[in-house]
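One file, entry.pdb, is given below (PDB, C-alpha atoms).
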```pdb
ATOM      1  CA  MET R   1     -17.466  -0.161   1.401
ATOM      2  CA  SER R   2     -18.275  -2.547   4.213
ATOM      3  CA  ASP R   3     -19.963  -1.279   7.343
ATOM      4  CA  THR R   4     -17.832   0.181  10.113
ATOM      5  CA  ASN R   5     -17.512  -2.422  12.822
ATOM      6  CA  LEU R   6     -15.645  -3.398  15.959
ATOM      7  CA  ALA R   7     -12.702  -5.765  15.729
ATOM      8  CA  PRO R   8     -13.193  -8.895  17.871
ATOM      9  CA  GLY R   9     -12.453  -8.140  21.498
ATOM     10  CA  ILE R  10     -11.564  -4.493  20.838
ATOM     11  CA  MET R  11     -13.499  -3.204  23.838
ATOM     12  CA  THR R  12     -11.070  -5.033  26.159
ATOM     13  CA  ARG R  13      -7.920  -4.001  24.278
ATOM     14  CA  GLN R  14      -5.218  -2.703  26.616
ATOM     15  CA  ARG R  15      -1.840  -2.855  24.873
ATOM     16  CA  HIS R  16      -0.819  -0.595  21.987
ATOM     17  CA  PHE R  17       2.257  -1.107  19.832
ATOM     18  CA  LEU R  18       3.613   2.027  18.129
ATOM     19  CA  ILE R  19       5.561   1.129  14.984
ATOM     20  CA  ILE R  20       7.799   3.976  13.898
ATOM     21  CA  GLU R  21       9.494   4.413  10.535
ATOM     22  CA  PRO R  22      12.766   6.426  10.535
ATOM     23  CA  PRO R  23      13.726   9.241  10.344
ATOM     24  CA  LEU R  24      12.661   9.506  13.953
ATOM     25  CA  ASN R  25      12.791  13.300  14.167
ATOM     26  CA  ALA R  26      10.740  14.143  11.070
ATOM     27  CA  PRO R  27       8.563  17.106  12.177
ATOM     28  CA  GLN R  28       5.167  15.647  11.296
ATOM     29  CA  GLN R  29       5.996  12.255  12.766
ATOM     30  CA  HIS R  30       7.379  13.838  15.951
ATOM     31  CA  ARG R  31       4.254  15.972  16.400
ATOM     32  CA  LEU R  32       1.863  13.068  15.847
ATOM     33  CA  ARG R  33       3.846  10.775  18.137
ATOM     34  CA  GLN R  34       3.827  13.345  20.939
ATOM     35  CA  LYS R  35       0.056  13.808  20.632
ATOM     36  CA  LEU R  36      -0.566  10.045  20.559
ATOM     37  CA  VAL R  37       1.670   9.308  23.536
ATOM     38  CA  SER R  38       0.007  12.107  25.491
ATOM     39  CA  GLN R  39      -3.431  10.649  24.744
ATOM     40  CA  LEU R  40      -2.358   7.098  25.608
ATOM     41  CA  LYS R  41      -0.958   8.260  28.952
ATOM     42  CA  HIS R  42      -4.077  10.316  29.649
ATOM     43  CA  ASP R  43      -6.264   7.266  29.003
ATOM     44  CA  GLY R  44      -4.021   4.970  31.045
ATOM     45  CA  VAL R  45      -3.335   2.682  28.076
ATOM     46  CA  SER R  46      -0.241   0.471  28.083
ATOM     47  CA  PHE R  47       2.026   0.940  25.057
ATOM     48  CA  GLU R  48       5.545   0.506  23.727
ATOM     49  CA  HIS R  49       7.601   1.820  20.790
ATOM     50  CA  TRP R  50       9.196  -0.271  18.050
ATOM     51  CA  VAL R  51      11.378   1.214  15.298
ATOM     52  CA  THR R  52      11.644  -0.458  11.886
ATOM     53  CA  SER R  53      15.160  -1.592  10.965
ATOM     54  CA  GLY R  54      15.001  -1.418   7.167
ATOM     55  CA  ASP R  55      15.412  -5.192   6.898
ATOM     56  CA  ARG R  56      11.955  -6.186   5.648
ATOM     57  CA  ALA R  57      12.153  -9.941   6.314
ATOM     58  CA  SER R  58      13.606  -9.456   9.789
ATOM     59  CA  ASP R  59      11.044  -6.801  10.735
ATOM     60  CA  ILE R  60       8.135  -9.009   9.647
ATOM     61  CA  ALA R  61       9.500 -12.000  11.552
ATOM     62  CA  LEU R  62       9.951  -9.957  14.730
ATOM     63  CA  LEU R  63       6.479  -8.457  14.455
ATOM     64  CA  LYS R  64       4.918 -11.888  13.987
ATOM     65  CA  GLU R  65       6.447 -12.915  17.301
ATOM     66  CA  ARG R  66       4.420 -10.153  18.965
ATOM     67  CA  GLN R  67       1.024 -11.180  17.573
ATOM     68  CA  ASN R  68      -0.235 -12.486  20.918
ATOM     69  CA  GLU R  69       1.294  -9.685  22.993
ATOM     70  CA  VAL R  70      -0.410  -6.633  21.482
ATOM     71  CA  THR R  71      -3.980  -5.701  20.838
ATOM     72  CA  ASP R  72      -3.708  -2.473  18.815
ATOM     73  CA  VAL R  73      -0.978  -1.375  16.421
ATOM     74  CA  VAL R  74      -0.417   2.228  15.334
ATOM     75  CA  VAL R  75       1.852   2.817  12.331
ATOM     76  CA  LEU R  76       3.708   6.139  12.260
ATOM     77  CA  GLY R  77       4.962   5.978   8.691
ATOM     78  CA  GLY R  78       3.840   5.356   5.147
ATOM     79  CA  ASP R  79       2.767   2.534   2.866
ATOM     80  CA  GLY R  80       6.013   0.620   3.380
ATOM     81  CA  SER R  81       5.575   0.436   7.148
ATOM     82  CA  LEU R  82       1.911  -0.476   6.740
ATOM     83  CA  ASN R  83       3.042  -3.277   4.400
ATOM     84  CA  LEU R  84       5.228  -4.731   7.175
ATOM     85  CA  VAL R  85       2.302  -4.649   9.580
ATOM     86  CA  ALA R  86      -0.045  -6.298   7.087
ATOM     87  CA  ASN R  87       2.415  -9.142   6.553
ATOM     88  CA  ALA R  88       2.764  -9.625  10.295
ATOM     89  CA  PHE R  89      -0.869  -9.230  11.433
ATOM     90  CA  ALA R  90      -3.010 -10.437   8.504
ATOM     91  CA  TYR R  91      -5.890 -12.640   9.631
ATOM     92  CA  THR R  92      -5.412 -11.786  13.306
ATOM     93  CA  GLU R  93      -7.724  -9.818  15.603
ATOM     94  CA  VAL R  94      -5.228  -6.969  16.016
ATOM     95  CA  ALA R  95      -6.656  -3.594  14.940
ATOM     96  CA  ILE R  96      -4.320  -1.450  12.835
ATOM     97  CA  GLY R  97      -4.275   2.349  12.962
ATOM     98  CA  VAL R  98      -2.212   4.630  10.712
ATOM     99  CA  LEU R  99      -0.778   8.062  11.415
ATOM    100  CA  PRO R 100       0.381   8.900   7.869
ATOM    101  CA  CYS R 101       3.843  10.458   7.886
ATOM    102  CA  GLY R 102       5.671   8.584   5.142
ATOM    103  CA  SER R 103       6.848   9.848   1.767
ATOM    104  CA  GLY R 104       3.637   9.082  -0.124
ATOM    105  CA  ASN R 105       0.848   7.947   2.232
ATOM    106  CA  ASP R 106      -1.142   6.792  -0.780
ATOM    107  CA  PHE R 107      -3.206   4.157   0.982
ATOM    108  CA  ALA R 108      -4.041   6.301   4.011
ATOM    109  CA  ARG R 109      -5.283   9.233   1.939
ATOM    110  CA  GLN R 110      -8.485   7.395   0.942
ATOM    111  CA  TRP R 111      -9.407   6.711   4.578
ATOM    112  CA  TYR R 112      -8.926  10.152   6.114
ATOM    113  CA  PRO R 113     -10.828  13.277   5.078
ATOM    114  CA  LYS R 114      -8.791  16.468   5.433
ATOM    115  CA  ASN R 115     -10.569  17.485   8.625
ATOM    116  CA  ALA R 116     -10.182  14.097  10.344
ATOM    117  CA  ASP R 117      -8.728  13.996  13.856
ATOM    118  CA  LEU R 118      -6.035  11.369  13.287
ATOM    119  CA  ILE R 119      -5.420  10.707  16.981
ATOM    120  CA  ASP R 120      -9.130  10.206  17.551
ATOM    121  CA  VAL R 121      -9.228   7.685  14.691
ATOM    122  CA  VAL R 122      -6.371   5.494  15.945
ATOM    123  CA  MET R 123      -7.629   5.657  19.541
ATOM    124  CA  SER R 124     -11.211   4.771  18.647
ATOM    125  CA  SER R 125     -12.911   1.406  18.178
ATOM    126  CA  ARG R 126     -14.106   2.208  14.637
ATOM    127  CA  CYS R 127     -12.743  -0.514  12.356
ATOM    128  CA  ARG R 128     -13.265  -1.942   8.887
ATOM    129  CA  GLN R 129     -12.219  -5.306   7.601
ATOM    130  CA  ILE R 130     -10.259  -4.614   4.442
ATOM    131  CA  ASP R 131      -8.813  -6.803   1.709
ATOM    132  CA  LEU R 132      -5.131  -7.400   1.106
ATOM    133  CA  GLY R 133      -3.369  -8.261  -2.130
ATOM    134  CA  ARG R 134      -0.931 -11.150  -2.212
ATOM    135  CA  CYS R 135       2.093 -11.728  -4.495
ATOM    136  CA  ASN R 136       3.045 -15.362  -3.965
ATOM    137  CA  GLU R 137       3.834 -15.337  -0.213
ATOM    138  CA  HIS R 138       3.896 -11.524   0.226
ATOM    139  CA  TYR R 139       0.854  -9.468   1.228
ATOM    140  CA  PHE R 140       0.431  -5.892   0.024
ATOM    141  CA  VAL R 141      -1.987  -3.251   1.248
ATOM    142  CA  ASN R 142      -2.172  -0.808  -1.624
ATOM    143  CA  ILE R 143      -0.739  -1.581  -5.088
ATOM    144  CA  ALA R 144       1.750  -3.970  -6.665
ATOM    145  CA  SER R 145       3.159  -3.360 -10.137
ATOM    146  CA  ILE R 146       5.623  -4.395 -12.805
ATOM    147  CA  GLY R 147       7.286  -2.475 -15.625
ATOM    148  CA  LEU R 148       7.973   1.258 -15.686
ATOM    149  CA  SER R 149       6.427   1.872 -12.253
ATOM    150  CA  GLU R 150       8.721  -0.736 -10.663
ATOM    151  CA  ALA R 151      11.729   0.838 -12.408
ATOM    152  CA  VAL R 152      10.761   4.173 -10.849
ATOM    153  CA  VAL R 153      10.559   2.617  -7.370
ATOM    154  CA  ALA R 154      13.946   0.933  -7.863
ATOM    155  CA  SER R 155      15.455   4.235  -8.986
ATOM    156  CA  GLN R 156      14.084   6.035  -5.939
ATOM    157  CA  SER R 157      15.433   3.356  -3.623
ATOM    158  CA  ALA R 158      18.874   3.640  -5.222
ATOM    159  CA  THR R 159      18.992   7.429  -4.792
ATOM    160  CA  ARG R 160      17.072   7.437  -1.463
ATOM    161  CA  LEU R 161      15.066  10.399  -2.755
ATOM    162  CA  MET R 162      11.428   9.804  -1.835
ATOM    163  CA  GLY R 163       8.163  11.703  -2.066
ATOM    164  CA  ALA R 164       5.814  12.682  -4.883
ATOM    165  CA  LYS R 165       8.175  15.272  -6.397
ATOM    166  CA  HIS R 166      11.066  12.844  -6.669
ATOM    167  CA  TYR R 167       8.746  10.079  -7.878
ATOM    168  CA  TRP R 168       7.683  12.213 -10.822
ATOM    169  CA  LEU R 169      11.223  13.326 -11.632
ATOM    170  CA  SER R 170      12.279   9.678 -11.643
ATOM    171  CA  ALA R 171       9.206   8.712 -13.697
ATOM    172  CA  LEU R 172      10.099  11.256 -16.376
ATOM    173  CA  LYS R 173      13.677   9.998 -16.519
ATOM    174  CA  GLN R 174      12.670   6.336 -16.651
ATOM    175  CA  ALA R 175      10.047   7.062 -19.328
ATOM    176  CA  LEU R 176      12.836   8.222 -21.625
ATOM    177  CA  ILE R 177      15.001   5.120 -21.209
ATOM    178  CA  TYR R 178      12.708   2.231 -20.235
ATOM    179  CA  ARG R 179      12.653  -0.731 -22.623
ATOM    180  CA  SER R 180       9.280  -2.473 -22.740
ATOM    181  CA  PRO R 181       9.461  -6.259 -22.303
ATOM    182  CA  THR R 182       7.017  -8.740 -23.798
ATOM    183  CA  VAL R 183       4.851  -9.932 -20.917
ATOM    184  CA  GLN R 184       2.203 -12.590 -20.533
ATOM    185  CA  ILE R 185      -0.505 -12.171 -17.908
ATOM    186  CA  ASP R 186      -3.519 -14.409 -17.513
ATOM    187  CA  SER R 187      -6.745 -13.985 -15.586
ATOM    188  CA  GLN R 188     -10.220 -15.377 -16.012
ATOM    189  CA  GLU R 189     -11.445 -12.057 -17.408
ATOM    190  CA  GLN R 190      -8.528 -10.872 -19.580
ATOM    191  CA  GLN R 191      -5.246 -12.111 -21.049
ATOM    192  CA  HIS R 192      -2.289 -10.270 -22.583
ATOM    193  CA  SER R 193       0.907 -11.453 -24.251
ATOM    194  CA  GLU R 194       2.604  -8.454 -25.828
ATOM    195  CA  PRO R 195       5.090  -5.638 -25.131
ATOM    196  CA  MET R 196       4.096  -3.771 -21.966
ATOM    197  CA  LEU R 197       4.919  -0.383 -20.477
ATOM    198  CA  MET R 198       3.553  -1.206 -17.038
ATOM    199  CA  CYS R 199       0.838  -3.088 -15.203
ATOM    200  CA  ALA R 200      -0.597  -2.300 -11.764
ATOM    201  CA  PHE R 201      -2.543  -4.655  -9.500
ATOM    202  CA  ALA R 202      -4.549  -2.492  -7.154
ATOM    203  CA  ASN R 203      -6.293  -2.888  -3.834
ATOM    204  CA  GLY R 204      -6.130   0.890  -3.287
ATOM    205  CA  ARG R 205      -6.549   3.712  -5.783
ATOM    206  CA  CYS R 206      -3.323   5.736  -5.811
ATOM    207  CA  PHE R 207       0.437   5.338  -5.867
ATOM    208  CA  GLY R 208       3.447   7.567  -6.511
ATOM    209  CA  GLY R 209       2.284  10.269  -4.100
ATOM    210  CA  GLY R 210      -1.268  10.626  -5.403
ATOM    211  CA  MET R 211      -1.458   9.207  -8.943
ATOM    212  CA  PRO R 212      -4.936   7.588  -9.257
ATOM    213  CA  ILE R 213      -3.765   4.633 -11.331
ATOM    214  CA  ALA R 214      -6.812   2.564 -10.291
ATOM    215  CA  PRO R 215      -9.585   5.111  -9.692
ATOM    216  CA  ASN R 216     -12.287   2.443  -9.350
ATOM    217  CA  ALA R 217     -10.479   0.308  -6.775
ATOM    218  CA  SER R 218     -12.014  -0.326  -3.368
ATOM    219  CA  PRO R 219     -10.063  -2.032  -0.560
ATOM    220  CA  ASP R 220     -13.065  -3.978   0.688
ATOM    221  CA  ASP R 221     -14.875  -5.193  -2.449
ATOM    222  CA  GLY R 222     -13.105  -8.562  -2.704
ATOM    223  CA  LEU R 223     -11.625  -7.650  -6.101
ATOM    224  CA  LEU R 224      -8.247  -6.721  -7.546
ATOM    225  CA  ASP R 225      -8.233  -3.868 -10.094
ATOM    226  CA  VAL R 226      -5.758  -4.411 -12.944
ATOM    227  CA  CYS R 227      -4.451  -1.536 -15.079
ATOM    228  CA  TRP R 228      -2.430  -2.680 -18.102
ATOM    229  CA  VAL R 229      -0.596  -0.106 -20.252
ATOM    230  CA  SER R 230       0.757  -1.367 -23.571
ATOM    231  CA  ALA R 231       4.206  -0.414 -24.871
ATOM    232  CA  LEU R 232       4.384   3.137 -26.237
ATOM    233  CA  PRO R 233       6.963   5.359 -27.959
ATOM    234  CA  VAL R 234       8.632   7.978 -25.759
ATOM    235  CA  LEU R 235       6.407  10.994 -26.459
ATOM    236  CA  PRO R 236       3.118   9.076 -26.018
ATOM    237  CA  ARG R 237       4.572   7.696 -22.759
ATOM    238  CA  LEU R 238       4.939  11.212 -21.418
ATOM    239  CA  TYR R 239       1.416  12.055 -22.540
ATOM    240  CA  HIS R 240       0.009   8.990 -20.787
ATOM    241  CA  LEU R 241       1.934   9.768 -17.597
ATOM    242  CA  ALA R 242       0.306  13.205 -17.580
ATOM    243  CA  LYS R 243      -3.143  11.619 -18.026
ATOM    244  CA  MET R 244      -2.432   9.173 -15.176
ATOM    245  CA  LEU R 245      -1.601  12.080 -12.900
ATOM    246  CA  ILE R 246      -5.175  13.356 -13.177
ATOM    247  CA  GLY R 247      -6.860   9.954 -13.513
ATOM    248  CA  LYS R 248      -7.877  10.397 -17.176
ATOM    249  CA  HIS R 249      -5.933   7.443 -18.613
ATOM    250  CA  LEU R 250      -8.664   4.777 -18.646
ATOM    251  CA  SER R 251     -10.109   6.017 -21.948
ATOM    252  CA  SER R 252      -6.827   5.468 -23.809
ATOM    253  CA  VAL R 253      -6.620   2.644 -26.379
ATOM    254  CA  ALA R 254      -3.256   1.705 -24.812
ATOM    255  CA  VAL R 255      -4.897   1.032 -21.439
ATOM    256  CA  ASP R 256      -6.870  -2.054 -20.449
ATOM    257  CA  TYR R 257      -8.606  -1.980 -17.057
ATOM    258  CA  TRP R 258     -10.520  -4.784 -15.391
ATOM    259  CA  GLN R 259     -11.331  -6.407 -12.070
ATOM    260  CA  THR R 260     -10.470  -9.941 -11.066
ATOM    261  CA  ARG R 261      -9.666 -12.147  -8.098
ATOM    262  CA  SER R 262      -6.403 -13.609  -9.379
ATOM    263  CA  VAL R 263      -3.760 -12.949 -12.057
ATOM    264  CA  ASN R 264      -0.918 -15.206 -13.132
ATOM    265  CA  ILE R 265       2.292 -13.832 -14.691
ATOM    266  CA  PRO R 266       4.401 -16.732 -16.047
ATOM    267  CA  THR R 267       6.954 -14.466 -17.767
ATOM    268  CA  PRO R 268      10.216 -14.829 -15.797
ATOM    269  CA  GLY R 269      12.635 -12.191 -14.551
ATOM    270  CA  LEU R 270      10.386  -9.145 -14.069
ATOM    271  CA  GLU R 271      10.949  -7.253 -10.830
ATOM    272  CA  ILE R 272       7.831  -6.631  -8.732
ATOM    273  CA  GLU R 273       7.219  -3.687  -6.431
ATOM    274  CA  ALA R 274       4.522  -3.590  -3.778
ATOM    275  CA  ASP R 275       3.651  -0.609  -1.602
ATOM    276  CA  GLY R 276       6.792   1.191  -2.759
ATOM    277  CA  ASP R 277       9.370  -1.562  -2.237
ATOM    278  CA  THR R 278      10.761  -4.222  -4.564
ATOM    279  CA  ILE R 279       9.659  -7.576  -3.131
ATOM    280  CA  GLY R 280      10.727 -10.168  -5.699
ATOM    281  CA  SER R 281      10.416 -11.171  -9.325
ATOM    282  CA  THR R 282       8.168 -13.130 -11.657
ATOM    283  CA  PRO R 283       6.799 -15.708 -12.254
ATOM    284  CA  VAL R 284       4.112 -14.800  -9.755
ATOM    285  CA  THR R 285       0.463 -15.266  -8.890
ATOM    286  CA  ILE R 286      -1.213 -12.112  -7.612
ATOM    287  CA  LYS R 287      -4.572 -12.445  -5.895
ATOM    288  CA  ILE R 288      -6.974 -10.687  -3.573
ATOM    289  CA  CYS R 289      -7.429 -11.847   0.029
ATOM    290  CA  PRO R 290     -10.835 -10.626   1.227
ATOM    291  CA  ARG R 291     -11.362  -9.231   4.731
ATOM    292  CA  ALA R 292      -7.808  -9.993   5.793
ATOM    293  CA  LEU R 293      -7.018  -7.010   8.046
ATOM    294  CA  TRP R 294      -8.790  -4.914  10.663
ATOM    295  CA  LEU R 295      -8.133  -1.219   9.901
ATOM    296  CA  LYS R 296      -9.148   1.751  12.010
ATOM    297  CA  ALA R 297     -10.820   4.306   9.766
ATOM    298  CA  ALA R 298     -12.414   7.723  10.029
ATOM    299  CA  TYR R 299     -15.708   6.422   8.582
TER     300      TYR R 299
END
```
Please express what this file holds, its structure, as structure tokens.
Amino acid sequence: MSDTNLAPGIMTRQRHFLIIEPPLNAPQQHRLRQKLVSQLKHDGVSFEHWVTSGDRASDIALLKERQNEVTDVVVLGGDGSLNLVANAFAYTEVAIGVLPCGSGNDFARQWYPKNADLIDVVMSSRCRQIDLGRCNEHYFVNIASIGLSEAVVASQSATRLMGAKHYWLSALKQALIYRSPTVQIDSQEQQHSEPMLMCAFANGRCFGGGMPIAPNASPDDGLLDVCWVSALPVLPRLYHLAKMLIGKHLSSVAVDYWQTRSVNIPTPGLEIEADGDTIGSTPVTIKICPRALWLKAAY
């Protein structure tokens, strides 16, 4: 981990932008928003609210227009909302804080110990410069993937049932019916061209509401962690999903795990998910972008 630091100019920051992910009346989100607004008013800090629309491209474009108008951004949501912010404020001096109240909060969980005062974190000047992943023109904060994991995300989006419980129910269903495609991926360190169950490209450690798919990943080491899982029959798939849940999958002969700076996937027509949303399809180049975002952290 890099040393905790101050984002450029943070001591003179005066305008906060609160980015809110619907539903607006979710109990945890409502409680955190009330506490944050109370603290901002107490400290005499200027702020405004902005609610995501669900149109990813439009939200990113609108947020980019505000780059020079805000100094601190606080995300009240999950990985998807943080993804929007990363795509709008990458390589700027804006400091990003997260009040995790989405369906998974996988990226935030590695930055906040259980006893952390979340309001204190997003109101403080403690920042780290973290890496971002990039799929062609799209940044991602946590993890991008193809294969079974993307099929699970697509299934959740279709049913609008989110959260770890529904992720695992969908994963079990998709494991029974998913057909493994033959996929080629190339990096300097490893290459594969064979039937694949899934492959994750990780800046963070967990996805799916806590599955440690990339237990060795660090968001500020300048490296992308790749977890390749070869095609498997149905019963071994279920066994490997169970091992992934507790982070014991790396010893499997079906799993290949390595670190790199860039991966190319020339195979066409594979859907790609990043931070819980489908963002496009292959062919794609996925790479790490070091020190691309200022993030407020508890340590």
Worksheet item: Pick from R:Arg179, R:His30, R:His240, R:Lys173: nearest to R:Leu99, with all atoms listed in the file counted?
Response: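 Result for the nearest residue to R:Leu99: R:His30.
Proximity to R:Asn136 was assessed for R:Val94, R:Leu82, R:Ile272, R:Leu224 counting all atoms listed in the file; the smallest distance is recorded for R:Ile272.
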Discussion item. With 8 Å as the threshold, what does the neighbourhood of (6.8, -1.9, 4.3) contain in terms of residues, counting only C-alpha atoms? Coordinates are those of the file; answer as a PyMOL selection string.
Written reply: chain R and resi 56+78-85+275-277
Practice prompt. Skip R:Ala242 itself and residues of its chain fewer than 5 positions away, then list as a VMD selection string all residues within 12 Å of it, counting all atoms listed in the file.
Written response: chain R and resid 168 171 to 172 175 211 to 213 235 to 237 247 to 249
Discussion item. When you look at R:Ser218 with a cut-off of 12 Å (counting only C-alpha atoms), what residues show up, excluding the ones that are within fewer than 6 positions of it in the same chain? I need them as a list in words.
Written reply: Met1, Ser2, Phe107, Gln110, Trp111, Ile130, Asp131, Leu132, Gly133, Val141, Asn142, Ile143, Ala202, Asn203, Gly204, Arg205, Cys206, Leu224, Asp225, Gln259, Ile288 and Pro290 of chain R
Practice prompt. To verify the selection step, state as a list of chain:residue names which residues the PyMOL selection byres ((chain R and resi 101) around 6) yields on this input.
Written response: R:Gln29, R:Gly77, R:Gly78, R:Pro100, R:Gly102
Worksheet item: With only C-alpha atoms as the basis for distance, which of R:Ala217, R:Cys289, R:Val152, R:Ala297 is at the shortest distance from R:Ala95?
Response: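 The shortest atom-to-atom distance to R:Ala95 comes from R:Ala297.
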Discussion item. Expand the PyMOL selection byres ((chain R and resi 151) around 9) into the explicit residue set it covers here, and present it as a list in words.
Written reply: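 Evaluating the PyMOL selection byres ((chain R and resi 151) around 9) on this file yields Ile146, Gly147, Leu148, Ser149, Glu150, Val152, Val153, Ala154, Ser155, Gln156, Ser170, Ala171, Gln174, Tyr178, Glu271 and Glu273 of chain R.
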Would you write out those residues with C-alpha atoms, as a PDB file, in the frame of the given file?
```pdb
ATOM      1  CA  ILE R 146       5.623  -4.395 -12.805  1.00  0.00           C
ATOM      2  CA  GLY R 147       7.286  -2.475 -15.625  1.00  0.00           C
ATOM      3  CA  LEU R 148       7.973   1.258 -15.686  1.00  0.00           C
ATOM      4  CA  SER R 149       6.427   1.872 -12.253  1.00  0.00           C
ATOM      5  CA  GLU R 150       8.721  -0.736 -10.663  1.00  0.00           C
ATOM      6  CA  VAL R 152      10.761   4.173 -10.849  1.00  0.00           C
ATOM      7  CA  VAL R 153      10.559   2.617  -7.370  1.00  0.00           C
ATOM      8  CA  ALA R 154      13.946   0.933  -7.863  1.00  0.00           C
ATOM      9  CA  SER R 155      15.455   4.235  -8.986  1.00  0.00           C
ATOM     10  CA  GLN R 156      14.084   6.035  -5.939  1.00  0.00           C
ATOM     11  CA  SER R 170      12.279   9.678 -11.643  1.00  0.00           C
ATOM     12  CA  ALA R 171       9.206   8.712 -13.697  1.00  0.00           C
ATOM     13  CA  GLN R 174      12.670   6.336 -16.651  1.00  0.00           C
ATOM     14  CA  TYR R 178      12.708   2.231 -20.235  1.00  0.00           C
ATOM     15  CA  GLU R 271      10.949  -7.253 -10.830  1.00  0.00           C
ATOM     16  CA  GLU R 273       7.219  -3.687  -6.431  1.00  0.00           C
TER      17      GLU R 273
END
```
Worksheet item: Suppose you want the space between atom CA of R:Gly280 and atom CA of R:Ile185; what is it in Å?
Response: 16.7 Å
Any chance you could work out the axis-aligned box around stretch 223-235 of chain R, listed atoms only, 3 Å on each side, giving centre and edge lengths in Å to one decimal, as lines of an AutoDock Vina configuration file?
```
center_x = -1.5
center_y = 1.7
center_z = -17.0
size_x = 26.3
size_y = 24.6
size_z = 27.9
```
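Put simply, atom CA of R:Phe207 is 15.4 Å away from atom CA of R:Val229.
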Practice prompt. Quick one: apply the PyMOL selection byres ((chain R and resi 227) around 6) to the file and drop the selected residues here as a ChimeraX atom specification.
Written response: /R:199-200,226,228,256-257
Discussion item. Just checking: using only C-alpha atoms, which residue out of R:Tyr167, R:Ala116, R:Val98, R:Ser251 ends up closest to R:Ala86?
Written reply: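 Between R:Tyr167, R:Ala116, R:Val98, R:Ser251, the residue approaching R:Ala86 most closely is R:Val98.
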Discussion item. Could you check the closest approach to R:Ala214 for each of R:Leu169, R:Val255, R:Leu197, R:Ile177 and tell me which residue wins, using all atoms listed in the file?
Written reply: R:Val255
Worksheet item: In Å to one decimal, how far is atom CA of R:Thr278 from atom CA of R:Phe140?
Response: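 Value for the atom CA of R:Phe140-atom CA of R:Thr278 distance: 11.4 Å.
Among the candidate residues R:Pro215, R:Thr52, R:Asn87, R:Gly97, the one lying nearest to R:Tyr112 is R:Gly97, with distances computed using only C-alpha atoms.
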